[in-house]
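Peer 1: My file is structure.txt. It has compact mmCIF, N, CA and C atoms:
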```
# COMPACT_ATOMS: atom_id res chain seq x y z
N MET A 1 102.30 49.22 75.69
CA MET A 1 101.76 50.51 75.99
C MET A 1 100.33 50.54 75.47
N ALA A 2 99.42 50.95 76.28
CA ALA A 2 98.01 51.01 75.91
C ALA A 2 97.63 52.44 75.61
N ILE A 3 96.75 52.62 74.62
CA ILE A 3 96.25 53.95 74.28
C ILE A 3 94.80 54.01 74.71
N ASN A 4 94.50 54.97 75.53
CA ASN A 4 93.14 55.13 76.04
C ASN A 4 92.48 56.34 75.38
N ASN A 5 91.17 56.35 75.46
CA ASN A 5 90.37 57.45 74.94
C ASN A 5 90.55 57.66 73.44
N VAL A 6 90.56 56.58 72.66
CA VAL A 6 90.60 56.71 71.22
C VAL A 6 89.27 57.31 70.79
N ASN A 7 89.31 58.30 69.93
CA ASN A 7 88.13 59.05 69.46
C ASN A 7 87.42 59.76 70.60
N ASN A 8 88.15 60.03 71.66
CA ASN A 8 87.61 60.75 72.81
C ASN A 8 86.32 60.13 73.35
N GLY A 9 86.21 58.81 73.22
CA GLY A 9 85.05 58.12 73.74
C GLY A 9 83.83 58.22 72.86
N LEU A 10 83.90 58.86 71.70
CA LEU A 10 82.77 58.99 70.79
C LEU A 10 82.62 57.71 69.99
N PRO A 11 81.41 57.40 69.56
CA PRO A 11 81.23 56.21 68.75
C PRO A 11 81.90 56.38 67.38
N LYS A 12 82.31 55.26 66.82
CA LYS A 12 82.99 55.26 65.53
C LYS A 12 82.00 55.60 64.42
N ALA A 13 82.40 56.57 63.55
CA ALA A 13 81.51 56.99 62.47
C ALA A 13 81.58 55.96 61.35
N PRO A 14 80.45 55.64 60.73
CA PRO A 14 80.46 54.67 59.64
C PRO A 14 81.16 55.26 58.40
N VAL A 15 81.79 54.39 57.62
CA VAL A 15 82.51 54.81 56.42
C VAL A 15 81.50 54.91 55.28
N ASP A 16 81.54 56.04 54.58
CA ASP A 16 80.68 56.25 53.43
C ASP A 16 81.46 55.78 52.20
N ASN A 17 81.17 54.55 51.72
CA ASN A 17 81.90 53.97 50.60
C ASN A 17 81.75 54.78 49.32
N ASN A 18 80.59 55.37 49.10
CA ASN A 18 80.39 56.18 47.90
C ASN A 18 81.34 57.38 47.88
N LYS A 19 81.52 58.00 49.04
CA LYS A 19 82.40 59.16 49.13
C LYS A 19 83.86 58.73 48.91
N VAL A 20 84.25 57.59 49.47
CA VAL A 20 85.61 57.09 49.32
C VAL A 20 85.88 56.78 47.84
N ASN A 21 84.95 56.10 47.17
CA ASN A 21 85.12 55.76 45.76
C ASN A 21 85.21 57.01 44.88
N SER A 22 84.39 58.00 45.17
CA SER A 22 84.41 59.21 44.36
C SER A 22 85.72 59.97 44.54
N GLN A 23 86.32 59.87 45.72
CA GLN A 23 87.61 60.53 45.95
C GLN A 23 88.75 59.76 45.28
N GLN A 24 88.64 58.46 45.20
CA GLN A 24 89.72 57.66 44.63
C GLN A 24 89.72 57.68 43.10
N GLN A 25 88.58 57.83 42.46
CA GLN A 25 88.51 57.80 41.00
C GLN A 25 89.32 58.92 40.34
N PRO A 26 89.25 60.16 40.79
CA PRO A 26 90.08 61.18 40.16
C PRO A 26 91.58 60.89 40.31
N LYS A 27 91.98 60.33 41.45
CA LYS A 27 93.38 59.99 41.65
C LYS A 27 93.81 58.90 40.68
N GLN A 28 92.94 57.92 40.47
CA GLN A 28 93.26 56.84 39.55
C GLN A 28 93.36 57.37 38.12
N ASN A 29 92.44 58.26 37.74
CA ASN A 29 92.48 58.85 36.39
C ASN A 29 93.74 59.70 36.22
N GLN A 30 94.09 60.45 37.27
CA GLN A 30 95.28 61.29 37.21
C GLN A 30 96.53 60.41 37.09
N THR A 31 96.57 59.31 37.80
CA THR A 31 97.70 58.39 37.73
C THR A 31 97.82 57.80 36.33
N ALA A 32 96.70 57.43 35.73
CA ALA A 32 96.70 56.88 34.37
C ALA A 32 97.21 57.92 33.37
N VAL A 33 96.81 59.16 33.53
CA VAL A 33 97.26 60.22 32.64
C VAL A 33 98.77 60.44 32.81
N GLN A 34 99.25 60.42 34.05
CA GLN A 34 100.68 60.59 34.30
C GLN A 34 101.49 59.44 33.69
N GLN A 35 100.97 58.22 33.82
CA GLN A 35 101.67 57.06 33.26
C GLN A 35 101.71 57.16 31.73
N ALA A 36 100.63 57.61 31.13
CA ALA A 36 100.60 57.75 29.67
C ALA A 36 101.58 58.84 29.22
N ALA A 37 101.66 59.92 29.95
CA ALA A 37 102.59 61.00 29.61
C ALA A 37 104.03 60.52 29.76
N THR A 38 104.30 59.75 30.80
CA THR A 38 105.64 59.22 31.01
C THR A 38 106.01 58.26 29.89
N SER A 39 105.09 57.41 29.49
CA SER A 39 105.35 56.46 28.41
C SER A 39 105.63 57.20 27.10
N THR A 40 104.88 58.25 26.84
CA THR A 40 105.08 59.04 25.63
C THR A 40 106.43 59.73 25.65
N ALA A 41 106.79 60.28 26.80
CA ALA A 41 108.09 60.96 26.92
C ALA A 41 109.23 59.98 26.75
N GLN A 42 109.09 58.79 27.31
CA GLN A 42 110.14 57.77 27.18
C GLN A 42 110.26 57.31 25.73
N ALA A 43 109.15 57.16 25.06
CA ALA A 43 109.17 56.72 23.66
C ALA A 43 109.81 57.78 22.78
N ALA A 44 109.55 59.04 23.08
CA ALA A 44 110.12 60.12 22.28
C ALA A 44 111.62 60.24 22.49
N SER A 45 112.08 59.94 23.70
CA SER A 45 113.51 60.09 23.99
C SER A 45 114.29 58.79 23.78
N ALA A 46 113.65 57.71 23.45
CA ALA A 46 114.33 56.42 23.30
C ALA A 46 115.40 56.42 22.22
N PRO A 47 115.21 57.04 21.05
CA PRO A 47 116.22 56.98 20.01
C PRO A 47 117.51 57.74 20.34
N ARG A 48 117.48 58.63 21.33
CA ARG A 48 118.68 59.40 21.67
C ARG A 48 119.74 58.48 22.22
N GLN A 49 120.97 58.73 21.80
CA GLN A 49 122.09 57.96 22.30
C GLN A 49 123.15 58.91 22.81
N ASP A 50 123.92 58.46 23.77
CA ASP A 50 125.01 59.27 24.30
C ASP A 50 126.16 59.26 23.32
N SER A 51 126.92 60.34 23.34
CA SER A 51 128.09 60.40 22.48
C SER A 51 129.20 61.13 23.23
N VAL A 52 130.42 60.84 22.81
CA VAL A 52 131.60 61.45 23.42
C VAL A 52 132.48 61.98 22.31
N SER A 53 133.01 63.16 22.50
CA SER A 53 133.97 63.69 21.53
C SER A 53 135.19 64.17 22.30
N LEU A 54 136.36 63.84 21.77
CA LEU A 54 137.61 64.21 22.41
C LEU A 54 138.18 65.45 21.75
N THR A 55 138.84 66.28 22.55
CA THR A 55 139.50 67.44 21.99
C THR A 55 140.70 66.98 21.16
N GLN A 56 141.22 67.88 20.37
CA GLN A 56 142.37 67.53 19.53
C GLN A 56 143.56 67.16 20.41
N SER A 57 143.76 67.87 21.49
CA SER A 57 144.87 67.55 22.40
C SER A 57 144.72 66.15 23.00
N ALA A 58 143.50 65.80 23.38
CA ALA A 58 143.25 64.47 23.93
C ALA A 58 143.49 63.39 22.89
N GLN A 59 143.11 63.66 21.65
CA GLN A 59 143.35 62.69 20.57
C GLN A 59 144.84 62.50 20.34
N GLN A 60 145.60 63.61 20.36
CA GLN A 60 147.04 63.51 20.17
C GLN A 60 147.69 62.75 21.32
N LEU A 61 147.25 63.02 22.54
CA LEU A 61 147.79 62.32 23.70
C LEU A 61 147.49 60.83 23.60
N ASN A 62 146.30 60.48 23.13
CA ASN A 62 145.93 59.08 22.95
C ASN A 62 146.85 58.41 21.93
N GLN A 63 147.16 59.11 20.85
CA GLN A 63 148.08 58.56 19.84
C GLN A 63 149.47 58.35 20.40
N VAL A 64 149.96 59.30 21.20
CA VAL A 64 151.28 59.18 21.81
C VAL A 64 151.32 57.99 22.76
N GLN A 65 150.25 57.81 23.53
CA GLN A 65 150.20 56.68 24.46
C GLN A 65 150.21 55.36 23.71
N LYS A 66 149.50 55.28 22.60
CA LYS A 66 149.49 54.05 21.81
C LYS A 66 150.87 53.75 21.24
N LYS A 67 151.52 54.80 20.72
CA LYS A 67 152.85 54.62 20.16
C LYS A 67 153.85 54.19 21.23
N SER A 68 153.75 54.77 22.40
CA SER A 68 154.70 54.41 23.47
C SER A 68 154.47 52.97 23.94
N ALA A 69 153.23 52.52 23.91
CA ALA A 69 152.95 51.14 24.32
C ALA A 69 153.49 50.15 23.30
N GLU A 70 153.55 50.56 22.03
CA GLU A 70 154.03 49.68 20.96
C GLU A 70 155.54 49.75 20.77
N ALA A 71 156.17 50.76 21.36
CA ALA A 71 157.61 50.96 21.15
C ALA A 71 158.41 49.84 21.83
N PRO A 72 159.49 49.43 21.17
CA PRO A 72 160.33 48.40 21.78
C PRO A 72 161.07 48.95 22.99
N VAL A 73 161.34 48.09 23.96
CA VAL A 73 162.01 48.49 25.19
C VAL A 73 163.40 47.85 25.22
N ASN A 74 164.40 48.66 25.48
CA ASN A 74 165.77 48.16 25.60
C ASN A 74 165.96 47.70 27.05
N GLU A 75 165.71 46.42 27.28
CA GLU A 75 165.77 45.87 28.64
C GLU A 75 167.16 46.02 29.26
N GLU A 76 168.18 45.91 28.45
CA GLU A 76 169.55 46.03 28.97
C GLU A 76 169.78 47.43 29.54
N LYS A 77 169.34 48.44 28.82
CA LYS A 77 169.51 49.81 29.27
C LYS A 77 168.68 50.08 30.52
N VAL A 78 167.46 49.54 30.55
CA VAL A 78 166.59 49.71 31.72
C VAL A 78 167.24 49.10 32.96
N ASP A 79 167.78 47.89 32.82
CA ASP A 79 168.44 47.24 33.96
C ASP A 79 169.66 48.03 34.43
N LYS A 80 170.43 48.57 33.48
CA LYS A 80 171.62 49.36 33.80
C LYS A 80 171.22 50.61 34.59
N LEU A 81 170.14 51.28 34.16
CA LEU A 81 169.66 52.48 34.86
C LEU A 81 169.13 52.14 36.25
N LYS A 82 168.42 51.04 36.38
CA LYS A 82 167.90 50.62 37.69
C LYS A 82 169.03 50.41 38.67
N LYS A 83 170.08 49.72 38.24
CA LYS A 83 171.22 49.47 39.12
C LYS A 83 171.92 50.77 39.51
N ALA A 84 172.07 51.70 38.56
CA ALA A 84 172.72 52.97 38.86
C ALA A 84 171.90 53.77 39.87
N ILE A 85 170.58 53.74 39.75
CA ILE A 85 169.71 54.45 40.70
C ILE A 85 169.81 53.81 42.07
N GLN A 86 169.76 52.49 42.14
CA GLN A 86 169.84 51.79 43.42
C GLN A 86 171.17 52.03 44.12
N ASN A 87 172.24 52.14 43.35
CA ASN A 87 173.57 52.35 43.93
C ASN A 87 173.86 53.83 44.20
N GLY A 88 172.94 54.72 43.82
CA GLY A 88 173.15 56.15 44.03
C GLY A 88 174.11 56.76 43.04
N GLU A 89 174.41 56.08 41.95
CA GLU A 89 175.36 56.55 40.94
C GLU A 89 174.71 57.34 39.82
N TYR A 90 173.39 57.33 39.74
CA TYR A 90 172.68 58.01 38.64
C TYR A 90 172.51 59.49 38.99
N LYS A 91 173.02 60.35 38.14
CA LYS A 91 172.93 61.80 38.35
C LYS A 91 172.09 62.41 37.23
N VAL A 92 171.24 63.37 37.60
CA VAL A 92 170.36 64.03 36.65
C VAL A 92 170.93 65.41 36.33
N ASP A 93 171.05 65.73 35.05
CA ASP A 93 171.46 67.07 34.61
C ASP A 93 170.19 67.88 34.40
N PRO A 94 169.89 68.83 35.29
CA PRO A 94 168.62 69.57 35.21
C PRO A 94 168.47 70.36 33.91
N GLN A 95 169.55 70.91 33.38
CA GLN A 95 169.47 71.68 32.14
C GLN A 95 169.09 70.78 30.96
N ALA A 96 169.75 69.64 30.88
CA ALA A 96 169.45 68.71 29.77
C ALA A 96 168.02 68.18 29.89
N LEU A 97 167.59 67.90 31.11
CA LEU A 97 166.23 67.42 31.34
C LEU A 97 165.20 68.46 30.92
N ALA A 98 165.43 69.72 31.29
CA ALA A 98 164.50 70.80 30.93
C ALA A 98 164.40 70.95 29.41
N LYS A 99 165.52 70.87 28.73
CA LYS A 99 165.50 70.98 27.26
C LYS A 99 164.71 69.85 26.62
N LYS A 100 164.90 68.63 27.15
CA LYS A 100 164.18 67.47 26.59
C LYS A 100 162.68 67.57 26.84
N ILE A 101 162.30 68.06 28.02
CA ILE A 101 160.87 68.22 28.34
C ILE A 101 160.26 69.27 27.41
N ALA A 102 160.97 70.38 27.21
CA ALA A 102 160.46 71.44 26.33
C ALA A 102 160.31 70.93 24.90
N ARG A 103 161.29 70.14 24.43
CA ARG A 103 161.22 69.60 23.08
C ARG A 103 160.04 68.62 22.94
N LEU A 104 159.84 67.79 23.96
CA LEU A 104 158.73 66.83 23.92
C LEU A 104 157.39 67.57 23.87
N GLU A 105 157.25 68.59 24.70
CA GLU A 105 156.00 69.36 24.70
C GLU A 105 155.75 70.03 23.35
N SER A 106 156.80 70.54 22.75
CA SER A 106 156.61 71.18 21.44
C SER A 106 156.22 70.16 20.38
N GLU A 107 156.74 68.94 20.48
CA GLU A 107 156.34 67.88 19.54
C GLU A 107 154.89 67.46 19.77
N ILE A 108 154.52 67.33 21.02
CA ILE A 108 153.15 66.87 21.32
C ILE A 108 152.13 67.92 20.94
N PHE A 109 152.38 69.16 21.34
CA PHE A 109 151.37 70.22 21.16
C PHE A 109 151.63 71.10 19.95
N GLY A 110 152.65 70.81 19.17
CA GLY A 110 152.92 71.57 17.97
C GLY A 110 153.33 73.00 18.23
N ILE A 111 154.05 73.22 19.33
CA ILE A 111 154.49 74.56 19.70
C ILE A 111 155.85 74.83 19.07
N LYS A 112 155.97 75.99 18.45
CA LYS A 112 157.26 76.38 17.87
C LYS A 112 158.06 77.10 18.94
N SER A 113 159.32 76.70 19.12
CA SER A 113 160.13 77.39 20.13
C SER A 113 161.25 78.18 19.52
```
What's the structure tokens form of this structure?
Peer 2:
Amino acid sequence: MAINNVNNGLPKAPVDNNKVNSQQQPKQNQTAVQQAATSTAQAASAPRQDSVSLTQSAQQLNQVQKKSAEAPVNEEKVDKLKKAIQNGEYKVDPQALAKKIARLESEIFGIKS
């Protein structure tokens, strides 16, 4: 694709190098000032470090998870339960389950019931 009538047929104006240089110098000075300010800001904020703090509930949950990972597992009982579930022989008592869940929550969160 060709472009015709560039500059509307007028002759090309000569570039005034003095004017170009004078326009570029303030930009260069401004850039140097911005870089110095950025360096100063980075140096001032460099000693800051991130930190994390856990709530008491999260700390307690973490302790429970560690204890459960360290607890011994009765493989014989686990296998017996797996077979009962697979055979459809395992029945859940909803009342007993609810009581155990409530007791566990009270132990974890220190709730008096």
Peer 1: When DSSP works through the backbone of this structure, what residues of region 32-113 of chain A end up as helix (DSSP H, G or I), shown as a PyMOL selection string?
Peer 2: chain A and resi 32-45+56-70+75-86+94-109
Peer 1: Take atom C of Val52 (chain A) and atom N of Val64 (chain A) and report the distance between them in Å, one decimal.
Peer 2: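 Those two atoms sit 17.7 Å apart.
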Peer 1: I'd like the interatomic distance between CA of Ser57 (chain A) and atom C of Glu105 (chain A), to a tenth of an Å.
Peer 2: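 Separating CA of Ser57 (chain A) from atom C of Glu105 (chain A) is a distance of 11.2 Å.
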Peer 1: Work out how far apart atom N of Ile111 (chain A) and atom N of Gln56 (chain A) are and give it in Å to one decimal.
Peer 2: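 Interatomic distance here is 13.9 Å.
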Peer 1: Padding 6 Å on every side, please: axis-aligned box over the listed atoms of region 88-107 of chain A, centre and edge lengths to one decimal in Å, as JSON.
Peer 2:
```
{"center_x": 165.1, "center_y": 63.2, "center_z": 31.8, "size_x": 32.5, "size_y": 29.0, "size_z": 36.5}
```
